[in-house]
file work_4.tsv (TSV, C-alpha atoms)
chain	number	residue	atom	x	y	z
A	208	MET	CA	156.30	124.36	71.66
A	209	ASP	CA	154.72	127.34	73.45
A	210	ILE	CA	154.24	127.63	77.19
A	211	SER	CA	152.07	130.11	79.08
A	212	THR	CA	151.22	130.23	82.77
A	213	GLN	CA	148.42	131.91	84.67
A	214	GLU	CA	147.19	131.86	88.24
A	215	VAL	CA	143.66	130.57	88.73
A	216	LYS	CA	142.31	130.33	92.30
A	217	ARG	CA	145.83	130.01	93.76
A	218	VAL	CA	146.62	127.26	91.29
A	219	SER	CA	149.30	127.73	88.63
A	220	VAL	CA	147.92	126.66	85.29
A	221	MET	CA	150.59	125.98	82.67
A	222	THR	CA	149.28	125.61	79.15
A	223	VAL	CA	151.52	123.87	76.63
A	224	LYS	CA	151.03	123.92	72.88
A	225	GLY	CA	152.76	121.93	70.15
A	226	ARG	CA	155.33	119.16	70.34
A	227	VAL	CA	157.03	118.02	73.52
A	228	ASP	CA	160.07	116.02	72.41
A	229	SER	CA	163.80	115.72	73.15
A	230	THR	CA	164.37	119.23	71.83
A	231	THR	CA	161.59	121.01	73.70
A	232	ALA	CA	161.23	118.93	76.89
A	233	PRO	CA	164.12	120.73	78.67
A	234	ASP	CA	162.23	124.02	78.21
A	235	LEU	CA	159.12	122.48	79.74
A	236	GLU	CA	161.13	121.06	82.63
A	237	ASN	CA	162.77	124.44	83.27
A	238	ALA	CA	159.45	126.27	83.18
A	239	LEU	CA	157.97	123.82	85.68
A	240	LYS	CA	161.10	124.05	87.85
A	241	GLN	CA	160.80	127.83	87.98
A	242	LEU	CA	157.24	127.50	89.26
A	243	VAL	CA	158.30	125.10	92.00
A	244	GLU	CA	161.26	127.26	92.98
A	245	GLY	CA	158.86	130.20	93.20
A	246	ASP	CA	156.84	128.24	95.78
A	247	LYS	CA	154.09	127.44	93.30
A	248	THR	CA	153.31	123.89	94.28
A	249	GLN	CA	149.74	123.51	93.12
A	250	ILE	CA	150.19	123.10	89.41
A	251	VAL	CA	147.90	122.11	86.57
A	252	LEU	CA	149.49	121.22	83.26
A	253	ASP	CA	146.96	121.76	80.48
A	254	LEU	CA	147.82	119.35	77.65
A	255	LYS	CA	144.82	120.13	75.43
A	256	ASP	CA	146.97	121.56	72.64
A	257	VAL	CA	149.89	119.15	72.95
A	258	GLU	CA	149.85	117.28	69.65
A	259	TYR	CA	152.81	115.03	70.44
A	260	MET	CA	154.79	113.88	73.47
A	261	SER	CA	157.76	111.50	73.63
A	262	SER	CA	159.33	109.97	76.74
A	263	ALA	CA	161.47	113.12	77.11
A	264	GLY	CA	158.28	115.01	77.98
A	265	LEU	CA	157.21	112.31	80.40
A	266	ARG	CA	160.58	112.58	82.14
A	267	ALA	CA	160.09	116.33	82.63
A	268	MET	CA	156.64	115.79	84.14
A	269	VAL	CA	157.70	112.96	86.44
A	270	SER	CA	160.72	114.92	87.65
A	271	THR	CA	158.46	117.86	88.55
A	272	LEU	CA	155.88	115.62	90.20
A	273	LYS	CA	158.60	114.19	92.46
A	274	SER	CA	159.74	117.70	93.41
A	275	VAL	CA	156.30	119.06	94.28
A	276	LYS	CA	155.18	115.93	96.12
A	277	ARG	CA	158.16	116.33	98.48
A	278	ILE	CA	156.79	119.72	99.52
A	279	ASN	CA	153.18	118.60	99.73
A	280	GLY	CA	152.20	119.98	96.36
A	281	ASP	CA	150.92	118.26	93.26
A	282	LEU	CA	151.20	118.41	89.49
A	283	ARG	CA	147.88	117.51	87.91
A	284	LEU	CA	147.21	117.03	84.23
A	285	CYS	CA	144.20	117.91	82.16
A	286	ALA	CA	142.80	117.32	78.71
A	287	PRO	CA	145.44	115.08	77.14
A	288	SER	CA	144.58	114.10	73.57
A	289	PRO	CA	143.89	110.41	72.97
A	290	ARG	CA	147.40	110.05	71.51
A	291	VAL	CA	149.12	111.69	74.47
A	292	HIS	CA	146.92	109.70	76.86
A	293	GLU	CA	148.09	106.52	75.13
A	294	VAL	CA	151.73	107.49	75.74
A	295	LEU	CA	150.94	108.18	79.41
A	296	ARG	CA	149.14	104.86	79.72
A	297	LEU	CA	151.91	102.84	78.07
A	298	ALA	CA	154.43	104.42	80.46
A	299	GLY	CA	152.28	103.45	83.44
A	300	LEU	CA	151.70	107.10	84.35
A	301	THR	CA	147.91	107.20	84.31
A	302	SER	CA	147.98	105.77	87.84
A	303	ILE	CA	150.75	108.13	88.98
A	304	PHE	CA	149.24	111.42	87.80
A	305	ASN	CA	145.81	112.77	88.60
A	306	ILE	CA	144.32	113.44	85.18
A	307	TYR	CA	141.17	115.51	84.58
A	308	PRO	CA	139.10	115.98	81.44
A	309	GLY	CA	139.22	119.79	81.58
A	310	GLN	CA	141.10	122.69	83.15
A	311	ASP	CA	138.23	123.72	85.46
A	312	GLU	CA	137.98	120.25	86.96
A	313	ALA	CA	141.75	120.12	87.49
A	314	VAL	CA	141.87	123.56	89.16
A	315	ASN	CA	138.87	122.83	91.36
A	316	SER	CA	140.39	119.53	92.49
A	317	PHE	CA	142.91	121.43	94.67
B	228	MET	CA	157.16	99.44	46.71
B	229	SER	CA	158.46	102.96	47.20
B	230	GLU	CA	161.74	103.85	48.93
B	231	SER	CA	162.87	107.18	50.36
B	232	ARG	CA	166.07	108.09	52.18
B	233	LEU	CA	167.17	110.88	54.52
B	234	ILE	CA	170.58	111.52	56.07
B	235	VAL	CA	170.93	114.09	58.85
B	236	PRO	CA	173.52	115.02	61.48
B	237	ALA	CA	172.80	113.28	64.80
B	238	ARG	CA	171.29	116.23	66.65
B	239	TYR	CA	168.17	116.46	68.79
B	240	ASP	CA	166.83	119.35	66.72
B	241	ARG	CA	166.87	117.11	63.63
B	242	ILE	CA	164.51	114.55	65.15
B	243	LYS	CA	161.47	116.62	64.20
B	244	GLN	CA	162.67	116.55	60.57
B	245	ILE	CA	163.10	112.77	60.77
B	246	CYS	CA	159.59	112.44	62.21
B	247	SER	CA	158.16	114.55	59.36
B	248	PHE	CA	159.99	112.35	56.86
B	249	VAL	CA	158.52	109.23	58.47
B	250	VAL	CA	155.02	110.76	58.56
B	251	ASP	CA	155.28	111.46	54.82
B	252	ALA	CA	156.24	107.81	54.22
B	253	ALA	CA	153.42	106.62	56.50
B	254	ASN	CA	150.99	108.68	54.43
B	255	VAL	CA	152.34	107.11	51.22
B	256	ALA	CA	151.80	103.68	52.82
B	257	GLY	CA	148.26	104.73	53.77
B	258	LEU	CA	148.71	104.08	57.49
B	259	ASP	CA	145.93	105.28	59.78
B	260	GLU	CA	146.46	108.27	62.09
B	261	SER	CA	147.13	106.20	65.21
B	262	SER	CA	149.70	104.00	63.48
B	263	THR	CA	151.40	107.07	62.02
B	264	PHE	CA	151.64	108.65	65.49
B	265	GLN	CA	153.14	105.43	66.84
B	266	CYS	CA	155.77	105.41	64.08
B	267	GLN	CA	156.73	108.97	65.06
B	268	ILE	CA	157.13	108.03	68.71
B	269	ALA	CA	159.17	104.91	67.89
B	270	VAL	CA	161.51	106.79	65.55
B	271	ASP	CA	161.82	109.72	67.97
B	272	GLU	CA	162.78	107.40	70.83
B	273	ALA	CA	165.21	105.47	68.62
B	274	CYS	CA	166.97	108.63	67.42
B	275	THR	CA	167.12	110.03	70.96
B	276	ASN	CA	168.80	106.79	72.07
B	277	ILE	CA	171.26	106.88	69.16
B	278	ILE	CA	172.33	110.44	70.05
B	279	GLU	CA	172.28	110.04	73.84
B	280	HIS	CA	173.59	106.49	74.31
B	281	GLY	CA	175.17	105.66	70.93
B	282	TYR	CA	177.10	108.75	69.94
B	283	GLU	CA	176.98	110.03	73.56
B	284	GLY	CA	176.28	113.55	72.39
B	285	GLU	CA	175.23	115.69	69.47
B	286	ASP	CA	177.17	116.23	66.23
B	287	ARG	CA	179.27	113.09	66.62
B	288	GLY	CA	177.94	111.30	63.57
B	289	ARG	CA	174.92	110.99	61.36
B	290	ILE	CA	171.64	109.14	61.24
B	291	GLU	CA	170.39	107.63	58.00
B	292	VAL	CA	166.69	106.89	57.65
B	293	ILE	CA	165.34	104.62	54.94
B	294	CYS	CA	161.61	104.14	54.50
B	295	ASN	CA	160.10	101.44	52.33
B	296	THR	CA	156.37	101.46	51.76
B	297	ASP	CA	153.82	99.03	50.49
B	298	PRO	CA	150.07	99.58	50.78
B	299	GLY	CA	149.33	99.41	54.52
B	300	VAL	CA	152.93	98.62	55.47
B	301	LEU	CA	155.82	100.89	56.45
B	302	LYS	CA	159.34	99.58	57.00
B	303	ILE	CA	161.76	102.03	58.60
B	304	GLU	CA	165.50	101.48	58.91
B	305	LEU	CA	167.72	103.68	61.07
B	306	LEU	CA	171.47	103.42	60.49
B	307	ASP	CA	174.22	104.92	62.61
B	308	GLN	CA	177.95	104.46	63.11
B	309	ALA	CA	177.98	104.74	66.90
B	310	PRO	CA	179.68	101.99	68.96
B	311	PRO	CA	177.92	98.60	69.01
B	312	PHE	CA	174.62	98.60	70.84
B	313	ASP	CA	173.23	95.61	72.71
B	314	PRO	CA	169.49	96.14	73.31
B	315	ASP	CA	169.43	93.13	75.65
B	316	LYS	CA	171.55	95.07	78.14
B	317	VAL	CA	168.91	97.77	78.51
B	318	PRO	CA	166.79	96.96	81.57
B	319	GLU	CA	163.02	96.90	81.16
B	320	PRO	CA	161.34	99.90	82.75
B	321	ASP	CA	159.69	99.16	86.10
B	322	LEU	CA	156.29	100.61	85.33
B	323	GLY	CA	154.81	99.58	88.66
B	324	ALA	CA	157.44	101.36	90.75
B	325	PRO	CA	156.32	103.94	93.29
B	326	LEU	CA	156.87	107.54	92.21
B	327	GLU	CA	160.04	108.16	94.23
B	328	GLU	CA	161.73	105.13	92.69
B	329	MET	CA	160.40	105.70	89.21
B	330	LYS	CA	162.99	106.29	86.52
B	331	ILE	CA	161.77	107.38	83.14
B	332	GLY	CA	164.66	105.67	81.39
B	333	GLY	CA	164.56	102.58	79.23
B	334	LEU	CA	161.18	103.66	77.93
B	335	GLY	CA	162.50	104.20	74.42
B	336	ILE	CA	162.96	100.55	73.49
B	337	TYR	CA	159.82	99.63	75.44
B	338	PHE	CA	157.77	102.16	73.43
B	339	MET	CA	159.26	100.89	70.16
B	340	LYS	CA	158.31	97.30	70.96
B	341	LYS	CA	154.83	98.28	72.13
B	342	MET	CA	154.07	100.53	69.21
B	343	MET	CA	155.62	98.69	66.27
B	344	ASP	CA	154.78	95.28	64.82
B	345	ASP	CA	158.41	94.25	64.60
B	346	VAL	CA	161.68	95.67	65.97
B	347	SER	CA	165.11	94.25	65.20
B	348	PHE	CA	168.65	95.40	65.88
B	349	SER	CA	171.73	94.28	63.97
B	350	ARG	CA	175.28	95.44	63.29
B	351	GLU	CA	177.25	95.08	60.09
B	352	ASN	CA	180.51	96.68	58.89
B	353	GLY	CA	180.58	99.20	61.72
B	354	THR	CA	176.97	100.25	61.27
B	355	ASN	CA	174.12	99.74	63.73
B	356	ARG	CA	170.86	98.97	61.96
B	357	LEU	CA	167.47	99.26	63.62
B	358	ALA	CA	164.56	97.96	61.55
B	359	LEU	CA	161.01	98.94	62.52
B	360	LEU	CA	157.92	97.52	60.85
B	361	LYS	CA	154.42	98.94	61.10
B	362	ARG	CA	151.26	97.61	59.53
B	363	SER	CA	148.11	99.68	59.36
B	364	ALA	CA	145.67	98.84	62.15
B	365	GLY	CA	142.83	98.55	59.68
call {"tool": "encode", "arguments": {"input": "work_4.tsv", "output": "structure tokens"}}
result
Amino acid sequence: MDISTQEVKRVSVMTVKGRVDSTTAPDLENALKQLVEGDKTQIVLDLKDVEYMSSAGLRAMVSTLKSVKRINGDLRLCAPSPRVHEVLRLAGLTSIFNIYPGQDEAVNSF
Amino acid sequence: MSESRLIVPARYDRIKQICSFVVDAANVAGLDESSTFQCQIAVDEACTNIIEHGYEGEDRGRIEVICNTDPGVLKIELLDQAPPFDPDKVPEPDLGAPLEEMKIGGLGIYFMKKMMDDVSFSRENGTNRLALLKRSAG
């Protein structure tokens, strides 16, 4: 799994590539936590290149969403593949997260 | 029918190897892409549970994976020697809970049941056995 972050219009856009599973999810959670601790509370997680996500990845995202919501921020998702979207849907998270088809839409939603 | 077998130490960083092994078997069985993905998720969640809740940590035992294939059918067995596991004691996830009360735990078994055609747990001679069955969607 690779993670990169850039600032776009005062929104932190984190792009994740590869597999998010029990092995890699702690790295994703830590990277998101660092953003929040650095007062970056408007976050877009670009999932376009995430080929696989287990419940460990969902746990990392939900944990971060709780943290940012408490300080009036938000973690928004964009471009999940059909497979990752299915995992989100089965976990009941498509109604918890704001999900956008592309990165531009997600950034402009803030 | 074709059978393949893999034995690995119960470590999180071995789950990817187990998933690859299962994907290879799913390809032999001729499962479609969606069904193959679902097998990966189910096996990933099962192995995570074995390490986290069964062995209660890494490197405390091993996981044996046995795949049996027929055209359009994949049967996966996961064997471990962790203490007995009672799946009925795992609470169902509350998927309708508000965010602050949401706990992303208990999703593993839920995902397995949602994604596989049959899931069964048993224990024999000190070994936990989880059998997962997947038929091709087509």
call {"tool": "interface_residues", "arguments": {"input": "work_4.tsv", "of": "chain B", "to": "chain A", "cutoff": "8 Å", "atoms": "all atoms listed in the file", "output": "VMD selection string"}}
result
chain B and resid 239 to 240 261 264 268 271 to 272 275 322 to 323 326 to 327 331 334 to 335 338
call {"tool": "axis_aligned_box", "arguments": {"input": "work_4.tsv", "around": "range 227-245 of chain A", "padding_each_side": "6 Å", "output": "lines of an AutoDock Vina configuration file"}}
result
center_x = 160.7
center_y = 123.0
center_z = 82.5
size_x = 19.3
size_y = 26.5
size_z = 33.4
call {"tool": "atom_distance", "arguments": {"input": "work_4.tsv", "atom1": "CA of Gly299 in chain B", "atom2": "CA of Leu359 in chain B"}}
result
14.2 Å
call {"tool": "atom_distance", "arguments": {"input": "work_4.tsv", "atom1": "CA of Gly280 in chain A", "atom2": "CA of Gly309 in chain A"}}
result
19.7 Å
call {"tool": "closest_residue", "arguments": {"input": "work_4.tsv", "among": "A:Val243, A:Ala313, A:Leu254, A:Val220", "to": "Ala286 in chain A", "atoms": "all atoms listed in the file"}}
result
A:Leu254
call {"tool": "atom_distance", "arguments": {"input": "work_4.tsv", "atom1": "CA of Lys247 in chain A", "atom2": "CA of Phe317 in chain A"}}
result
12.8 Å
call {"tool": "closest_residue", "arguments": {"input": "work_4.tsv", "among": "A:Ser219, A:Val257, A:Cys285, A:Gly225", "to": "Gly245 in chain A", "atoms": "all atoms listed in the file"}}
result
A:Ser219
call {"tool": "closest_residue", "arguments": {"input": "work_4.tsv", "among": "B:Glu351, B:Glu328, B:Glu291, B:Asp297", "to": "Phe312 in chain B", "atoms": "only C-alpha atoms"}}
result
B:Glu351
call {"tool": "closest_residue", "arguments": {"input": "work_4.tsv", "among": "A:Pro287, A:Glu236, A:Asp281, A:Gln249", "to": "Lys224 in chain A", "atoms": "only C-alpha atoms"}}
result
A:Pro287
call {"tool": "closest_residue", "arguments": {"input": "work_4.tsv", "among": "B:Val255, B:Cys266, B:Leu233, B:Val300", "to": "Met339 in chain B", "atoms": "all atoms listed in the file"}}
result
B:Cys266
call {"tool": "closest_residue", "arguments": {"input": "work_4.tsv", "among": "B:Pro318, B:Pro311, B:Gly257, B:Pro325", "to": "Pro298 in chain B", "atoms": "all atoms listed in the file"}}
result
B:Gly257
call {"tool": "residues_around", "arguments": {"input": "work_4.tsv", "residues": "Gln244 in chain B", "least_positions_apart": "5", "cutoff": "12 Å", "atoms": "all atoms listed in the file", "output": "list of chain:residue names"}}
result
A:Thr230, B:Leu233, B:Ile234, B:Val235, B:Pro236, B:Ala237, B:Arg238, B:Tyr239, B:Val249, B:Val250, B:Asp251, B:Gln267, B:Val270, B:Asp271, B:Cys274, B:Ile290, B:Val292
call {"tool": "build_atoms", "arguments": {"input": "work_4.tsv", "residues": "range 276-310 of chain B", "atoms": "N, CA and C atoms", "output": "PDB file, keeping the file's coordinate frame"}}
result
ATOM      1  N   ASN B 276     167.859 107.784  71.532  1.00  0.00           N
ATOM      2  CA  ASN B 276     168.800 106.790  72.070  1.00  0.00           C
ATOM      3  C   ASN B 276     170.123 106.784  71.306  1.00  0.00           C
ATOM      4  N   ILE B 277     170.031 106.887  69.973  1.00  0.00           N
ATOM      5  CA  ILE B 277     171.260 106.880  69.160  1.00  0.00           C
ATOM      6  C   ILE B 277     172.149 108.058  69.557  1.00  0.00           C
ATOM      7  N   ILE B 278     171.536 109.239  69.721  1.00  0.00           N
ATOM      8  CA  ILE B 278     172.330 110.440  70.050  1.00  0.00           C
ATOM      9  C   ILE B 278     172.846 110.347  71.495  1.00  0.00           C
ATOM     10  N   GLU B 279     171.927 109.995  72.410  1.00  0.00           N
ATOM     11  CA  GLU B 279     172.280 110.040  73.840  1.00  0.00           C
ATOM     12  C   GLU B 279     173.203 108.887  74.248  1.00  0.00           C
ATOM     13  N   HIS B 280     172.839 107.665  73.846  1.00  0.00           N
ATOM     14  CA  HIS B 280     173.590 106.490  74.310  1.00  0.00           C
ATOM     15  C   HIS B 280     174.584 105.956  73.277  1.00  0.00           C
ATOM     16  N   GLY B 281     174.275 106.156  71.975  1.00  0.00           N
ATOM     17  CA  GLY B 281     175.170 105.660  70.930  1.00  0.00           C
ATOM     18  C   GLY B 281     176.332 106.605  70.734  1.00  0.00           C
ATOM     19  N   TYR B 282     176.039 107.762  70.178  1.00  0.00           N
ATOM     20  CA  TYR B 282     177.100 108.750  69.940  1.00  0.00           C
ATOM     21  C   TYR B 282     177.524 109.473  71.226  1.00  0.00           C
ATOM     22  N   GLU B 283     176.716 109.354  72.268  1.00  0.00           N
ATOM     23  CA  GLU B 283     176.980 110.030  73.560  1.00  0.00           C
ATOM     24  C   GLU B 283     177.150 111.531  73.380  1.00  0.00           C
ATOM     25  N   GLY B 284     176.280 112.100  72.568  1.00  0.00           N
ATOM     26  CA  GLY B 284     176.280 113.550  72.390  1.00  0.00           C
ATOM     27  C   GLY B 284     175.899 113.922  70.969  1.00  0.00           C
ATOM     28  N   GLU B 285     175.656 115.207  70.772  1.00  0.00           N
ATOM     29  CA  GLU B 285     175.230 115.690  69.470  1.00  0.00           C
ATOM     30  C   GLU B 285     176.444 115.917  68.552  1.00  0.00           C
ATOM     31  N   ASP B 286     176.164 115.910  67.254  1.00  0.00           N
ATOM     32  CA  ASP B 286     177.170 116.230  66.230  1.00  0.00           C
ATOM     33  C   ASP B 286     178.377 115.300  66.259  1.00  0.00           C
ATOM     34  N   ARG B 287     178.162 114.047  66.606  1.00  0.00           N
ATOM     35  CA  ARG B 287     179.270 113.090  66.620  1.00  0.00           C
ATOM     36  C   ARG B 287     179.096 112.023  65.540  1.00  0.00           C
ATOM     37  N   GLY B 288     178.174 112.246  64.652  1.00  0.00           N
ATOM     38  CA  GLY B 288     177.940 111.300  63.570  1.00  0.00           C
ATOM     39  C   GLY B 288     176.654 111.658  62.873  1.00  0.00           C
ATOM     40  N   ARG B 289     176.148 110.714  62.107  1.00  0.00           N
ATOM     41  CA  ARG B 289     174.920 110.990  61.360  1.00  0.00           C
ATOM     42  C   ARG B 289     173.929 109.857  61.566  1.00  0.00           C
ATOM     43  N   ILE B 290     172.697 110.147  61.216  1.00  0.00           N
ATOM     44  CA  ILE B 290     171.640 109.140  61.240  1.00  0.00           C
ATOM     45  C   ILE B 290     171.050 109.067  59.831  1.00  0.00           C
ATOM     46  N   GLU B 291     170.988 107.837  59.324  1.00  0.00           N
ATOM     47  CA  GLU B 291     170.390 107.630  58.000  1.00  0.00           C
ATOM     48  C   GLU B 291     169.040 106.926  58.194  1.00  0.00           C
ATOM     49  N   VAL B 292     168.047 107.451  57.532  1.00  0.00           N
ATOM     50  CA  VAL B 292     166.690 106.890  57.650  1.00  0.00           C
ATOM     51  C   VAL B 292     166.256 106.405  56.265  1.00  0.00           C
ATOM     52  N   ILE B 293     165.833 105.169  56.206  1.00  0.00           N
ATOM     53  CA  ILE B 293     165.340 104.620  54.940  1.00  0.00           C
ATOM     54  C   ILE B 293     163.923 104.117  55.168  1.00  0.00           C
ATOM     55  N   CYS B 294     162.998 104.598  54.380  1.00  0.00           N
ATOM     56  CA  CYS B 294     161.610 104.140  54.500  1.00  0.00           C
ATOM     57  C   CYS B 294     161.209 103.390  53.237  1.00  0.00           C
ATOM     58  N   ASN B 295     160.666 102.213  53.434  1.00  0.00           N
ATOM     59  CA  ASN B 295     160.100 101.440  52.330  1.00  0.00           C
ATOM     60  C   ASN B 295     158.613 101.254  52.583  1.00  0.00           C
ATOM     61  N   THR B 296     157.818 101.557  51.577  1.00  0.00           N
ATOM     62  CA  THR B 296     156.370 101.460  51.760  1.00  0.00           C
ATOM     63  C   THR B 296     155.739 100.485  50.781  1.00  0.00           C
ATOM     64  N   ASP B 297     154.754  99.787  51.290  1.00  0.00           N
ATOM     65  CA  ASP B 297     153.820  99.030  50.490  1.00  0.00           C
ATOM     66  C   ASP B 297     152.443  99.438  50.999  1.00  0.00           C
ATOM     67  N   PRO B 298     151.384  99.189  50.262  1.00  0.00           N
ATOM     68  CA  PRO B 298     150.070  99.580  50.780  1.00  0.00           C
ATOM     69  C   PRO B 298     149.810  98.973  52.163  1.00  0.00           C
ATOM     70  N   GLY B 299     149.632  99.848  53.159  1.00  0.00           N
ATOM     71  CA  GLY B 299     149.330  99.410  54.520  1.00  0.00           C
ATOM     72  C   GLY B 299     150.540  98.946  55.317  1.00  0.00           C
ATOM     73  N   VAL B 300     151.724  99.071  54.770  1.00  0.00           N
ATOM     74  CA  VAL B 300     152.930  98.620  55.470  1.00  0.00           C
ATOM     75  C   VAL B 300     154.054  99.654  55.328  1.00  0.00           C
ATOM     76  N   LEU B 301     154.671  99.976  56.471  1.00  0.00           N
ATOM     77  CA  LEU B 301     155.820 100.890  56.450  1.00  0.00           C
ATOM     78  C   LEU B 301     156.994 100.195  57.139  1.00  0.00           C
ATOM     79  N   LYS B 302     158.108 100.129  56.431  1.00  0.00           N
ATOM     80  CA  LYS B 302     159.340  99.580  57.000  1.00  0.00           C
ATOM     81  C   LYS B 302     160.340 100.722  57.121  1.00  0.00           C
ATOM     82  N   ILE B 303     160.821 100.934  58.341  1.00  0.00           N
ATOM     83  CA  ILE B 303     161.760 102.030  58.600  1.00  0.00           C
ATOM     84  C   ILE B 303     163.089 101.433  59.049  1.00  0.00           C
ATOM     85  N   GLU B 304     164.165 101.889  58.457  1.00  0.00           N
ATOM     86  CA  GLU B 304     165.500 101.480  58.910  1.00  0.00           C
ATOM     87  C   GLU B 304     166.255 102.714  59.376  1.00  0.00           C
ATOM     88  N   LEU B 305     166.887 102.608  60.543  1.00  0.00           N
ATOM     89  CA  LEU B 305     167.720 103.680  61.070  1.00  0.00           C
ATOM     90  C   LEU B 305     169.152 103.157  61.157  1.00  0.00           C
ATOM     91  N   LEU B 306     170.068 103.851  60.514  1.00  0.00           N
ATOM     92  CA  LEU B 306     171.470 103.420  60.490  1.00  0.00           C
ATOM     93  C   LEU B 306     172.337 104.467  61.168  1.00  0.00           C
ATOM     94  N   ASP B 307     173.265 104.001  61.997  1.00  0.00           N
ATOM     95  CA  ASP B 307     174.220 104.920  62.610  1.00  0.00           C
ATOM     96  C   ASP B 307     175.560 104.218  62.755  1.00  0.00           C
ATOM     97  N   GLN B 308     176.594 105.022  62.974  1.00  0.00           N
ATOM     98  CA  GLN B 308     177.950 104.460  63.110  1.00  0.00           C
ATOM     99  C   GLN B 308     178.481 104.623  64.529  1.00  0.00           C
ATOM    100  N   ALA B 309     177.579 104.664  65.491  1.00  0.00           N
ATOM    101  CA  ALA B 309     177.980 104.740  66.900  1.00  0.00           C
ATOM    102  C   ALA B 309     178.553 103.371  67.318  1.00  0.00           C
ATOM    103  N   PRO B 310     179.193 103.296  68.494  1.00  0.00           N
ATOM    104  CA  PRO B 310     179.680 101.990  68.960  1.00  0.00           C
ATOM    105  C   PRO B 310     178.557 100.955  69.019  1.00  0.00           C
TER     106      PRO B 310
END
